[in-house]
Amino acid sequence: MNIVRLLTLIGGSVLLVGMPYFVTSSYVMHIIILSGIYIIFALSYDIVVGYLGMLSLAHPAFYGVGAYTSVLLVMKLNVPFLLAFALAGPLALIVALIVGYPALRLSYHSFAIVTLAFTLMMRILWINWETLTNGPMGIPGVPRPRIDIPFLGTINIATSTGYYYFILILVILTCLFIYLMINSRVGRALLSIRENEVLAETLGVNAFKYRMIAFAIGAFFAGIAGSFTAHYITFVGPEFTDFYYITMLLIMVILGGSGTIHGVILGAIVFTFVPEYLRITPEFRDVIYGFVLVLTIIFMPGGIGGRINDMMERRKARTDGVVRNN
Amino acid sequence: MVLLETTELTKSFFGLTALDRVNFHVDRGEIVGLIGPNGSGKTTLFNCATGVLPVSGGRVKFKGEDITNHKTHEIALKGLSRTFQIIRIFPKMMVMENMLLAIQQHQGERIISSIFRTPEVRRLEKHARERASELLDFVGLTPLRDDLAAHLSYGQQKLLEFIMALMPNPEIVLLDEPAAAVNPTMIKKMMDHIVQLNKRGYTFCIVEHNMDVVMELCHRVVVLNYGEKIADGKPEEIRNNRDVIEAYFGR
Amino acid sequence: MEMFFQLLVNGISFGAIYAMVAVGLTIVFGILEVVNFAQGEFYMLGAYLTYLVILAQLPYPIAIIAATAAMILIGLAVERLAIRPLIGKAWQLPILSTLGISIIIQNGAIVLWTPNPRTIILETASKNINVFGVVITYQRLLIILLALAIFISLYYFVQKTKTGKAMRAVSQNKEACQVIGIDVDRISIISFALGAGLSGLGGAVVAPAMAIHPVMGILVVIKCFAAVIMGGFGNIQGTIYASFILAIVESFAVAYVSLQYKDVFAFVVMIIILLFKPHGIFGGKVGI
């Protein structure tokens with residue numbers, strides 16, 4: 001590992017670990033924590049959209065499922081936070097398996113529509129099932145995370161700093177998992193399905209099985225993101241399935257660079273910070289987002305991450321200078 | 001011993017009969033040629049045998065086991081590989097990556113363990129890489145292992161597709177027009193590879209239009225015309241068969 | 001018994017609306033192979049434009065014509081600018097583009113007209129006729145008759161006119177059409193504009209009968225998607241039948257099962273159908 005890389009790694013680690021000490025404004029800390037949530041959410045979306053190549057509009061639903069799960073477990077069943085949080089992901093995963101089983105057999109277009117319908121249905125369910133979800137008002141007063149470690153005491157996460165380290169750990173674990181997945185047989189199989197499904201099947205890849213896996217893993221991390229959000233803003237409600245999240249996810253993933261970890265992370269961070277500094281009404285901001293989405297798709301569908309990859313490939317090709325024999 | 005066989009295999013598309021009760025078999029260790037005029041059903045036969053197309057009638061058996069209408073990936077995992085008329089590789093991935101994608105049959109490998117790279121998985125991956133290197137070397141593609149598959153010449157891509165079909169160590173390989181649009185030198189190379197692999201125990205069934213290749217390479221030749229099998233025998237017998245000549249040249 | 005027919009008529013009138021919007025969707029899919037996620041917004045714009053024209057003291061029929069014409073023009077623009085550049089590229093791209101357009105139009109509407117619902121008061125709209133105890137408002141009557149007229153015209157257009165036949169040909173085999181000299185680009189843009197116009201027309205005729213607000217498109221278009229899936233992507237007849245079936249089921253279900261979950265029924269029907277016939281009841285794409 002060369003010296004530049006090493007220094008960047010050390011510097012980056014110091015920055016990440018020491019962030020609460022460098023950043024004094026609690027507002028900026030808040031944005032940073034939000035961007036952490038979005039990193040996980042966007043990466044989870046990229047698994048389905050980027051690596052699997054299917055247009056799923058169900059992600060806000062999984063986000064909501066994760067959120068409602070941990071909140072309801074903690075508030076109605078007095079389940080300890082850590083356990084409830086640990087169940088948010090798996091529950092979202094199970095829902096994804098149930099929805100995916102019929103949905104992933106459909107054509108790509110039908111799949112997009114059915115996932116959209118699913119999200120809307122979840123929303124209707126949460127608005128109307130008042131006894132469970134408290135209806136359109138949502139559930140306020142969600143308790144902050146409280147982790148009881150036997151013999152060692154209790155960790156109460158109630159400050160920016162606490163939440164920051166919590167989300168930092170989650171982001172690192174997520175990135176690690178996704179990185180490992182991409183470079184494993186699973187990632188290669190997904191890639192092969194995306195690039196040429198008939199060929200993949202001929203080589204022994206069970207396309208349906210891997211679709212289910214990708215869809216479920218994507219939902220798992222979306223559920224985690226949702227659960228964290230609920231316990232951070234101490235609120236959960238049907239708003240979690242707002243169409244707005246799809247817009248954000250699409251922009252982060254596409255503009256950031258679908259299929260690239262660094263691109264999506266960049267997209268997530270940029271598009272968490274940008275709206276905060278755009279002092280305009282939410283609707284006007286969304287109009288701009290719509291334009292950004294359309295323009296990105298037309299002019300830069302590979303996103304920024306894609307551009308970076310292109311640049312690195314071109315640099316590699318120039319320095320290789322391989323003589324090709326025919 | 002019969003490796004692959006079809007019994008009364010029939011395939012119709014909207015009233016057009018592409019395969020008409022075809023009885024066809026390949027024995028272990030053979031190189032069987034499958035020939036016939038354009039549209040006689042050769043590729044359709046391959047597609048039905050590998051589960052790409054659903055059959056309209058009849059059965060397909062592999063190693064005695066009925067695999068009719070089974071899913072393509074299941075059939076592939078049982079030991080049946082194939083190549084395609086129009087080259088199928090992964091153009092946007094590197095040659096080595098293409099090769100590694102061709103191995104899916106890792107015994108007892110579960111998803112989680114493959115993601116977290118247990119020692120078992122790492123051993124299997126190493127094994128896969130070694131096999132891939134071996135095959136690349138066998139056909140002379142080693143210098144190109146890190147190149148994008150799209151950058152290879154047509155003939156090199158065909159070779160890549162060929163060795164990808166060999167990666168999972170199949171028992172039988174179905175080759176769909178391996179000599180099409182390839183220059184004579186490369187054809188000769190390909191034929192040498194097939195002969196050598198056949199000596200090592202691989203069985204082949206080859207769809208081909210290039211008669212020189214068929215006559216020189218194949219132990220036995222099966223001829224289709226309009227979806228029907230019209231001849232089945234040694235190359236010399238086929239060469240002189242009245243029906244075959246009629247099928248190709250008319251009366 | 002009267003209740004039964006009342007629900008049936010209500011269902012038919014909603015079915016007419018769904019069908020108009022859904023046929024637009026299915027034609028666009030059949031010819032451009034794009035799912036137009038902005039179709040609901042075209043419907044919404046049709047309603048708003050009608051409202052604005054009436055606000056300007058112009059008569060209702062003028063409003064309908066103006067709204068439809070405007071939507072056709074908007075359809076032309078959207079196809080040319082946001083969809084044409086993406087045809088032929090990865091299939092997700094045009095769809096995502098329409099999603100972006102949908103976001104732009106929806107939020108644009110909120111910005112321009114606020115989320116507060118608008119209503120159109122037309123004297124004739126609330127008048128109704130009474131047929132064997134079943135009450136049909138003039139507006140509902142207009143919707144049903146207009147839809148009938150549209151579908152009959154569409155049938156003749158697609159079956160008998162040169163452009164219509166060209167459209168059918170393109171939906172069956174685009175490459176072959178290019179080879180024999182059919183201007184696929186022209187057909188594409190006509191189809192998209194037609195889809196937008198149908199949707200806008202749907203919004204225009206529904207405007208006096210319900211509250212007009214920026215989000216009205218979503219719930220309608222989702223049912224239209226269900227109708228397109230059920231009826232077969234690109235299959236006009238199938239889509240029309242499916243639209244009516246869904247609307248009638250919805251109408252009865254709301255009365256006999258639950259009002260709260262009104263919007264869920266269409267999805268439930270769609271999912272049940274998809275479980276048994278993933279390609280829709282009437283089969284896959286066989287050309288419009």
# chains A, B, ... in the order shown; residues from 1 in each chain; ligands from 1
$ residues_around --residues "A:Leu16" --least-positions-apart "2" --cutoff "12 Å" --atoms "only C-alpha atoms" --output "list in words"
Thr8, Leu9, Ile10, Gly11, Gly12, Ser13, Val14, Gly18, Met19, Pro20, Tyr21, Phe22, Val23, Ile32, Ile33, Gly36, Thr161, Tyr164, Tyr165, Ile167, Leu168, Ile169, Val171 and Ile172 of chain A
$ residues_around --residues "A:Leu255" --least-positions-apart "6" --cutoff "10 Å" --atoms "only C-alpha atoms" --output "ChimeraX atom specification"
/A:249,263-264,266-268,271,292-293,295-297,300-306
$ residues_around --residues "B:His25" --least-positions-apart "5" --cutoff "8 Å" --atoms "only C-alpha atoms" --output "ChimeraX atom specification"
/B:2-6
$ closest_residue --among "A:Val270, A:Ile213, A:Met248, A:Ile182" --to "A:Arg285" --atoms "only C-alpha atoms"
A:Met248
$ select_by_dssp --residues "stretch 27-173 of chain A" --states "strand (DSSP E or B)" --output "list in words"
Ile139, Pro140, Arg146, Ile147, Asp148, Ile149, Gly153, Thr154, Ile155 and Asn156 of chain A
$ closest_atom_pairs --of "chain A" --to "chain C" --cutoff "8 Å" --atoms "only C-alpha atoms" --output "CSV"
residue,atom,partner,partner_atom,distance
A:Met54,CA,C:Gln92,CA,7.9
A:Leu55,CA,C:Gln92,CA,6.9
A:Pro102,CA,C:Leu275,CA,6.5
A:Arg105,CA,C:Pro278,CA,7.6
A:Leu106,CA,C:Pro278,CA,6.0
A:His109,CA,C:Val35,CA,6.9
A:Ser110,CA,C:Ile229,CA,6.7
A:Ile113,CA,C:Phe225,CA,6.8
A:Ala117,CA,C:Phe267,CA,6.8
A:Met121,CA,C:Val264,CA,6.3
A:Ile124,CA,C:Tyr261,CA,7.1
A:Leu125,CA,C:Tyr261,CA,7.9
A:Asn128,CA,C:Gln260,CA,6.9
A:Thr247,CA,C:Ile103,CA,7.9
A:Glu283,CA,C:Asn107,CA,5.1
A:Phe284,CA,C:Val111,CA,6.4
A:Asp286,CA,C:Asn107,CA,6.3
A:Val287,CA,C:Ile104,CA,4.4
A:Ile288,CA,C:Ile104,CA,7.3
A:Tyr289,CA,C:Ile104,CA,7.7
A:Gly290,CA,C:Gly100,CA,4.5
A:Phe291,CA,C:Gly100,CA,6.7
A:Leu293,CA,C:Gly100,CA,5.7
A:Val294,CA,C:Ser97,CA,5.0
A:Ile297,CA,C:Leu93,CA,6.3
A:Ile298,CA,C:Leu86,CA,6.6
A:Pro301,CA,C:Leu93,CA,7.9
$ write_last_selection --atoms "C-alpha atoms" --output "compact mmCIF listing (two decimals), in the first residue's frame"
# COMPACT_ATOMS: atom_id res chain seq x y z
CA MET A 54 -34.57 -4.22 -11.47
CA LEU A 55 -36.61 -1.12 -10.89
CA PRO A 102 -44.70 -13.69 -6.87
CA ARG A 105 -41.47 -13.77 -11.66
CA LEU A 106 -43.10 -10.92 -13.51
CA HIS A 109 -42.27 -3.56 -16.18
CA SER A 110 -44.91 -5.41 -14.20
CA ILE A 113 -45.73 -1.40 -11.13
CA ALA A 117 -48.65 -0.80 -5.74
CA MET A 121 -50.90 -0.47 -0.16
CA ILE A 124 -52.97 2.70 3.09
CA LEU A 125 -52.59 -0.08 5.63
CA ASN A 128 -56.07 2.84 8.29
CA THR A 247 -37.04 10.41 -5.69
CA GLU A 283 -42.32 21.30 -3.58
CA PHE A 284 -40.10 23.61 -5.55
CA ASP A 286 -38.86 18.45 -5.67
CA VAL A 287 -39.49 20.04 -9.05
CA ILE A 288 -35.77 20.66 -9.28
CA TYR A 289 -35.09 17.09 -8.23
CA GLY A 290 -37.35 15.90 -11.02
CA PHE A 291 -35.31 17.89 -13.51
CA LEU A 293 -33.32 13.07 -12.36
CA VAL A 294 -34.38 13.49 -15.98
CA ILE A 297 -30.67 9.96 -16.97
CA ILE A 298 -30.32 11.58 -20.36
CA PRO A 301 -26.81 7.63 -16.70
$ interface_residues --of "chain A" --to "chain B" --cutoff "9 Å" --atoms "only C-alpha atoms" --output "JSON, numbers by chain"
{"A": [177, 178, 180, 181, 182, 183, 184, 185, 186, 187, 188, 189, 192, 195, 196, 198, 199, 200, 201, 202, 203, 204, 205, 206, 207, 213, 322, 324, 325, 326]}
$ atom_distance --atom1 "atom CA of A:Val17" --atom2 "atom CA of A:His30"
16.0 Å
$ residues_around --residues "B:Lys229" --least-positions-apart "4" --cutoff "6 Å" --atoms "only C-alpha atoms" --output "compact mmCIF listing (two decimals) with C-alpha atoms, in the first residue's frame"
# COMPACT_ATOMS: atom_id res chain seq x y z
CA VAL B 22 -36.89 -36.82 -33.08
CA VAL B 223 -28.99 -35.28 -40.04
CA LEU B 224 -32.16 -33.27 -39.56
$ residues_around --residues "B:Val195" --least-positions-apart "2" --cutoff "12 Å" --atoms "only C-alpha atoms" --output "PDB file with N, CA and C atoms, in the first residue's frame"
ATOM      1  N   GLY B  29     -18.258 -40.276 -24.614  1.00  0.00           N
ATOM      2  CA  GLY B  29     -16.991 -40.383 -25.330  1.00  0.00           C
ATOM      3  C   GLY B  29     -17.096 -40.096 -26.810  1.00  0.00           C
ATOM      4  N   GLU B  30     -18.307 -39.913 -27.306  1.00  0.00           N
ATOM      5  CA  GLU B  30     -18.471 -39.660 -28.743  1.00  0.00           C
ATOM      6  C   GLU B  30     -18.308 -38.183 -29.057  1.00  0.00           C
ATOM      7  N   ILE B  31     -18.022 -37.927 -30.337  1.00  0.00           N
ATOM      8  CA  ILE B  31     -18.219 -36.579 -30.862  1.00  0.00           C
ATOM      9  C   ILE B  31     -19.276 -36.753 -31.953  1.00  0.00           C
ATOM     10  N   LYS B 188      -8.908 -24.846 -37.225  1.00  0.00           N
ATOM     11  CA  LYS B 188      -8.010 -25.980 -37.004  1.00  0.00           C
ATOM     12  C   LYS B 188      -7.667 -26.097 -35.521  1.00  0.00           C
ATOM     13  N   LYS B 189      -7.377 -24.937 -34.907  1.00  0.00           N
ATOM     14  CA  LYS B 189      -7.041 -24.931 -33.476  1.00  0.00           C
ATOM     15  C   LYS B 189      -8.187 -25.486 -32.654  1.00  0.00           C
ATOM     16  N   MET B 190      -9.400 -24.959 -32.971  1.00  0.00           N
ATOM     17  CA  MET B 190     -10.588 -25.381 -32.234  1.00  0.00           C
ATOM     18  C   MET B 190     -10.751 -26.886 -32.346  1.00  0.00           C
ATOM     19  N   MET B 191     -10.586 -27.420 -33.552  1.00  0.00           N
ATOM     20  CA  MET B 191     -10.749 -28.848 -33.756  1.00  0.00           C
ATOM     21  C   MET B 191      -9.734 -29.633 -32.936  1.00  0.00           C
ATOM     22  N   ASP B 192      -8.496 -29.139 -32.907  1.00  0.00           N
ATOM     23  CA  ASP B 192      -7.475 -29.808 -32.094  1.00  0.00           C
ATOM     24  C   ASP B 192      -7.898 -29.842 -30.634  1.00  0.00           C
ATOM     25  N   HIS B 193      -8.372 -28.710 -30.150  1.00  0.00           N
ATOM     26  CA  HIS B 193      -8.804 -28.649 -28.754  1.00  0.00           C
ATOM     27  C   HIS B 193      -9.874 -29.689 -28.485  1.00  0.00           C
ATOM     28  N   LEU B 197      -9.631 -32.733 -25.868  1.00  0.00           N
ATOM     29  CA  LEU B 197     -10.555 -32.825 -24.745  1.00  0.00           C
ATOM     30  C   LEU B 197     -11.349 -34.123 -24.807  1.00  0.00           C
ATOM     31  N   ASN B 198     -11.670 -34.537 -26.030  1.00  0.00           N
ATOM     32  CA  ASN B 198     -12.416 -35.779 -26.180  1.00  0.00           C
ATOM     33  C   ASN B 198     -11.588 -36.949 -25.657  1.00  0.00           C
ATOM     34  N   LYS B 199     -10.264 -36.874 -25.936  1.00  0.00           N
ATOM     35  CA  LYS B 199      -9.390 -37.941 -25.433  1.00  0.00           C
ATOM     36  C   LYS B 199      -9.404 -37.953 -23.915  1.00  0.00           C
ATOM     37  N   ARG B 200      -9.567 -36.751 -23.310  1.00  0.00           N
ATOM     38  CA  ARG B 200      -9.566 -36.674 -21.849  1.00  0.00           C
ATOM     39  C   ARG B 200     -10.900 -37.091 -21.256  1.00  0.00           C
ATOM     40  N   GLY B 201     -11.865 -37.388 -22.126  1.00  0.00           N
ATOM     41  CA  GLY B 201     -13.115 -37.920 -21.602  1.00  0.00           C
ATOM     42  C   GLY B 201     -14.344 -37.050 -21.802  1.00  0.00           C
ATOM     43  N   TYR B 202     -14.191 -35.864 -22.422  1.00  0.00           N
ATOM     44  CA  TYR B 202     -15.374 -35.035 -22.638  1.00  0.00           C
ATOM     45  C   TYR B 202     -16.148 -35.529 -23.853  1.00  0.00           C
ATOM     46  N   THR B 203     -17.469 -35.475 -23.756  1.00  0.00           N
ATOM     47  CA  THR B 203     -18.324 -35.850 -24.875  1.00  0.00           C
ATOM     48  C   THR B 203     -18.813 -34.578 -25.559  1.00  0.00           C
ATOM     49  N   PHE B 204     -18.906 -34.611 -26.890  1.00  0.00           N
ATOM     50  CA  PHE B 204     -19.341 -33.420 -27.612  1.00  0.00           C
ATOM     51  C   PHE B 204     -20.480 -33.713 -28.559  1.00  0.00           C
ATOM     52  N   VAL B 213     -15.225 -29.793 -41.194  1.00  0.00           N
ATOM     53  CA  VAL B 213     -15.109 -29.969 -39.748  1.00  0.00           C
ATOM     54  C   VAL B 213     -15.864 -31.212 -39.303  1.00  0.00           C
ATOM     55  N   GLU B 216     -14.304 -34.557 -40.487  1.00  0.00           N
ATOM     56  CA  GLU B 216     -13.025 -34.911 -39.879  1.00  0.00           C
ATOM     57  C   GLU B 216     -13.156 -35.194 -38.380  1.00  0.00           C
ATOM     58  N   LEU B 217     -14.050 -34.477 -37.741  1.00  0.00           N
ATOM     59  CA  LEU B 217     -14.087 -34.491 -36.285  1.00  0.00           C
ATOM     60  C   LEU B 217     -14.995 -35.570 -35.711  1.00  0.00           C
ATOM     61  N   CYS B 218     -16.131 -35.803 -36.369  1.00  0.00           N
ATOM     62  CA  CYS B 218     -17.189 -36.555 -35.699  1.00  0.00           C
ATOM     63  C   CYS B 218     -17.096 -38.063 -35.878  1.00  0.00           C
ATOM     64  N   HIS B 219     -17.404 -38.766 -34.796  1.00  0.00           N
ATOM     65  CA  HIS B 219     -17.499 -40.216 -34.863  1.00  0.00           C
ATOM     66  C   HIS B 219     -18.776 -40.611 -35.562  1.00  0.00           C
TER      67      HIS B 219
END
$ residues_around --residues "B:Tyr248" --least-positions-apart "6" --cutoff "9 Å" --atoms "only C-alpha atoms" --output "PyMOL selection string"
chain B and resi 36-37+225
$ closest_residue --among "A:Leu34, A:Val71, A:Ile246, A:Leu278" --to "A:Gly138" --atoms "only C-alpha atoms"
A:Val71
$ residues_around --residues "stretch 55-71 of chain C" --least-positions-apart "3" --cutoff "8 Å" --atoms "only C-alpha atoms" --output "ChimeraX atom specification"
/C:42,45-47,49-52,74-75,193,196-198,200-201,204-205
$ write_last_selection --atoms "N, CA and C atoms" --output "short mmCIF file (atom, residue, chain, number, x, y, z; two decimals), in the first residue's frame"
data_model
loop_
_atom_site.label_atom_id
_atom_site.label_comp_id
_atom_site.auth_asym_id
_atom_site.auth_seq_id
_atom_site.Cartn_x
_atom_site.Cartn_y
_atom_site.Cartn_z
N PHE C 42 -50.67 13.60 -16.43
CA PHE C 42 -51.34 14.16 -17.61
C PHE C 42 -52.84 14.28 -17.33
N LEU C 45 -53.34 17.21 -15.03
CA LEU C 45 -53.22 18.47 -15.76
C LEU C 45 -54.46 18.74 -16.59
N GLY C 46 -55.00 17.67 -17.18
CA GLY C 46 -56.23 17.85 -17.97
C GLY C 46 -57.33 18.45 -17.11
N ALA C 47 -57.42 17.94 -15.87
CA ALA C 47 -58.46 18.46 -14.97
C ALA C 47 -58.20 19.92 -14.62
N LEU C 49 -56.41 22.16 -16.26
CA LEU C 49 -56.56 23.06 -17.40
C LEU C 49 -58.04 23.34 -17.66
N THR C 50 -58.86 22.31 -17.50
CA THR C 50 -60.30 22.50 -17.65
C THR C 50 -60.79 23.53 -16.64
N TYR C 51 -60.33 23.36 -15.42
CA TYR C 51 -60.70 24.29 -14.36
C TYR C 51 -60.32 25.73 -14.72
N LEU C 52 -59.09 25.88 -15.23
CA LEU C 52 -58.61 27.23 -15.55
C LEU C 52 -59.42 27.86 -16.68
N ILE C 74 -48.37 18.93 -24.86
CA ILE C 74 -47.42 18.61 -23.79
C ILE C 74 -46.85 17.21 -24.01
N GLY C 75 -47.71 16.30 -24.45
CA GLY C 75 -47.24 14.94 -24.74
C GLY C 75 -46.17 14.96 -25.81
N ALA C 193 -48.38 11.27 -27.87
CA ALA C 193 -49.29 12.41 -27.79
C ALA C 193 -50.72 11.92 -27.64
N ALA C 196 -51.23 10.94 -24.10
CA ALA C 196 -51.36 12.11 -23.24
C ALA C 196 -52.72 12.76 -23.43
N GLY C 197 -53.16 12.83 -24.69
CA GLY C 197 -54.45 13.44 -24.98
C GLY C 197 -55.60 12.67 -24.34
N LEU C 198 -55.54 11.35 -24.44
CA LEU C 198 -56.60 10.53 -23.84
C LEU C 198 -56.67 10.77 -22.34
N GLY C 200 -55.54 13.41 -20.69
CA GLY C 200 -56.03 14.76 -20.42
C GLY C 200 -57.54 14.84 -20.59
N LEU C 201 -58.03 14.17 -21.61
CA LEU C 201 -59.48 14.15 -21.85
C LEU C 201 -60.19 13.52 -20.66
N ALA C 204 -60.35 15.99 -18.06
CA ALA C 204 -61.29 17.07 -18.38
C ALA C 204 -62.73 16.68 -18.10
N VAL C 205 -63.09 15.45 -18.43
CA VAL C 205 -64.50 15.07 -18.21
C VAL C 205 -64.78 14.73 -16.76
#
$ atom_distance --atom1 "atom CA of B:Asp243" --atom2 "atom CA of B:Met211"
16.2 Å
$ atom_distance --atom1 "atom CA of A:Ala96" --atom2 "atom CA of A:His231"
22.3 Å
$ select_by_dssp --residues "stretch 69-203 of chain A" --states "alpha helix (DSSP H)" --output "PyMOL selection string"
chain A and resi 69-77+81-103+108-128+130-133+160-182+185-195+197-202
$ write_last_selection --atoms "C-alpha atoms" --output "compact mmCIF listing (two decimals), in the first residue's frame"
# COMPACT_ATOMS: atom_id res chain seq x y z
CA THR A 69 -41.38 -3.02 13.65
CA SER A 70 -38.82 -1.80 16.12
CA VAL A 71 -41.03 1.01 17.40
CA LEU A 72 -44.02 -1.22 18.00
CA LEU A 73 -41.87 -3.91 19.61
CA VAL A 74 -40.33 -1.41 22.00
CA MET A 75 -43.43 0.59 22.79
CA LYS A 76 -46.16 -2.02 22.81
CA LEU A 77 -44.35 -5.17 23.82
CA PHE A 81 -34.18 -1.80 22.16
CA LEU A 82 -31.29 -3.88 20.89
CA LEU A 83 -33.50 -6.87 20.24
CA ALA A 84 -36.19 -4.79 18.61
CA PHE A 85 -33.65 -3.08 16.42
CA ALA A 86 -32.11 -6.39 15.53
CA LEU A 87 -35.50 -7.61 14.36
CA ALA A 88 -36.26 -4.66 12.12
CA GLY A 89 -33.99 -5.83 9.33
CA PRO A 90 -35.06 -9.48 9.38
CA LEU A 91 -38.73 -8.56 9.37
CA ALA A 92 -38.29 -6.31 6.37
CA LEU A 93 -36.38 -9.16 4.77
CA ILE A 94 -39.24 -11.59 5.37
CA VAL A 95 -41.77 -9.16 3.92
CA ALA A 96 -39.52 -8.80 0.90
CA LEU A 97 -39.40 -12.56 0.44
CA ILE A 98 -43.18 -12.76 0.59
CA VAL A 99 -43.66 -9.93 -1.89
CA GLY A 100 -40.76 -11.02 -4.04
CA TYR A 101 -41.87 -14.59 -4.48
CA PRO A 102 -44.70 -13.69 -6.87
CA ALA A 103 -43.39 -10.31 -7.94
CA TYR A 108 -39.50 -6.04 -15.42
CA HIS A 109 -42.27 -3.56 -16.18
CA SER A 110 -44.91 -5.41 -14.20
CA PHE A 111 -42.44 -5.71 -11.35
CA ALA A 112 -41.99 -1.95 -11.20
CA ILE A 113 -45.73 -1.40 -11.13
CA VAL A 114 -46.41 -4.12 -8.58
CA THR A 115 -43.74 -2.78 -6.22
CA LEU A 116 -45.26 0.67 -6.54
CA ALA A 117 -48.65 -0.80 -5.74
CA PHE A 118 -47.16 -2.57 -2.74
CA THR A 119 -45.75 0.65 -1.33
CA LEU A 120 -49.08 2.40 -1.77
CA MET A 121 -50.90 -0.47 -0.16
CA MET A 122 -48.57 -0.46 2.82
CA ARG A 123 -49.22 3.22 3.16
CA ILE A 124 -52.97 2.70 3.09
CA LEU A 125 -52.59 -0.08 5.63
CA TRP A 126 -50.61 2.09 8.03
CA ILE A 127 -53.02 4.96 7.67
CA ASN A 128 -56.07 2.84 8.29
CA GLU A 130 -55.29 2.71 13.66
CA THR A 131 -55.20 0.26 16.52
CA LEU A 132 -51.77 -0.91 15.48
CA THR A 133 -50.14 2.10 13.94
CA SER A 160 -25.77 13.81 18.70
CA THR A 161 -22.49 12.18 19.59
CA GLY A 162 -24.16 8.98 20.66
CA TYR A 163 -26.28 8.76 17.55
CA TYR A 164 -23.29 9.62 15.42
CA TYR A 165 -21.19 6.71 16.64
CA PHE A 166 -24.18 4.41 16.37
CA ILE A 167 -24.79 5.29 12.74
CA LEU A 168 -21.08 5.24 12.02
CA ILE A 169 -20.86 1.65 13.18
CA LEU A 170 -23.92 0.74 11.13
CA VAL A 171 -22.55 2.43 8.01
CA ILE A 172 -19.22 0.67 8.34
CA LEU A 173 -20.89 -2.70 8.84
CA THR A 174 -23.18 -2.10 5.87
CA CYS A 175 -20.39 -1.06 3.56
CA LEU A 176 -18.34 -4.04 4.68
CA PHE A 177 -21.15 -6.46 4.04
CA ILE A 178 -21.95 -5.02 0.64
CA TYR A 179 -18.31 -4.97 -0.36
CA LEU A 180 -17.94 -8.61 0.61
CA MET A 181 -21.15 -9.52 -1.15
CA ILE A 182 -20.20 -7.81 -4.39
CA ARG A 185 -20.03 -15.54 -5.82
CA VAL A 186 -23.33 -13.85 -5.00
CA GLY A 187 -22.19 -10.55 -6.44
CA ARG A 188 -20.81 -12.20 -9.53
CA ALA A 189 -23.99 -14.16 -10.04
CA LEU A 190 -26.06 -10.98 -9.77
CA LEU A 191 -23.80 -9.30 -12.26
CA SER A 192 -24.10 -12.20 -14.67
CA ILE A 193 -27.89 -12.13 -14.42
CA ARG A 194 -27.92 -8.42 -15.09
CA GLU A 195 -25.57 -8.66 -18.04
CA GLU A 197 -29.63 -13.75 -18.02
CA VAL A 198 -29.84 -16.58 -20.54
CA LEU A 199 -26.10 -17.06 -20.41
CA ALA A 200 -26.14 -16.95 -16.62
CA GLU A 201 -28.78 -19.64 -16.49
CA THR A 202 -26.84 -21.75 -18.97
$ decode --residues "stretch 22-48 of chain A" --atoms "C-alpha atoms" --output "PDB file, in the first residue's frame"
ATOM      1  CA  PHE A  22     -14.383  18.681  15.018  1.00  0.00           C
ATOM      2  CA  VAL A  23     -17.961  19.620  14.377  1.00  0.00           C
ATOM      3  CA  THR A  24     -19.375  22.039  16.878  1.00  0.00           C
ATOM      4  CA  SER A  25     -22.713  22.841  15.336  1.00  0.00           C
ATOM      5  CA  SER A  26     -25.386  20.378  16.365  1.00  0.00           C
ATOM      6  CA  TYR A  27     -27.226  21.260  13.174  1.00  0.00           C
ATOM      7  CA  VAL A  28     -24.347  20.078  11.024  1.00  0.00           C
ATOM      8  CA  MET A  29     -24.056  16.958  13.183  1.00  0.00           C
ATOM      9  CA  HIS A  30     -27.716  16.322  12.473  1.00  0.00           C
ATOM     10  CA  ILE A  31     -27.124  16.498   8.743  1.00  0.00           C
ATOM     11  CA  ILE A  32     -24.156  14.183   9.062  1.00  0.00           C
ATOM     12  CA  ILE A  33     -26.242  11.629  10.921  1.00  0.00           C
ATOM     13  CA  LEU A  34     -28.967  11.948   8.293  1.00  0.00           C
ATOM     14  CA  SER A  35     -26.435  11.361   5.557  1.00  0.00           C
ATOM     15  CA  GLY A  36     -25.365   8.233   7.403  1.00  0.00           C
ATOM     16  CA  ILE A  37     -28.926   6.983   7.285  1.00  0.00           C
ATOM     17  CA  TYR A  38     -29.155   7.785   3.610  1.00  0.00           C
ATOM     18  CA  ILE A  39     -25.897   6.029   2.867  1.00  0.00           C
ATOM     19  CA  ILE A  40     -27.334   2.818   4.229  1.00  0.00           C
ATOM     20  CA  PHE A  41     -30.694   3.415   2.558  1.00  0.00           C
ATOM     21  CA  ALA A  42     -29.154   4.267  -0.813  1.00  0.00           C
ATOM     22  CA  LEU A  43     -26.692   1.368  -0.743  1.00  0.00           C
ATOM     23  CA  SER A  44     -29.547  -0.974   0.067  1.00  0.00           C
ATOM     24  CA  TYR A  45     -31.447   0.412  -2.904  1.00  0.00           C
ATOM     25  CA  ASP A  46     -28.468   0.077  -5.188  1.00  0.00           C
ATOM     26  CA  ILE A  47     -28.336  -3.648  -4.478  1.00  0.00           C
ATOM     27  CA  VAL A  48     -31.685  -4.015  -6.184  1.00  0.00           C
TER      28      VAL A  48
END
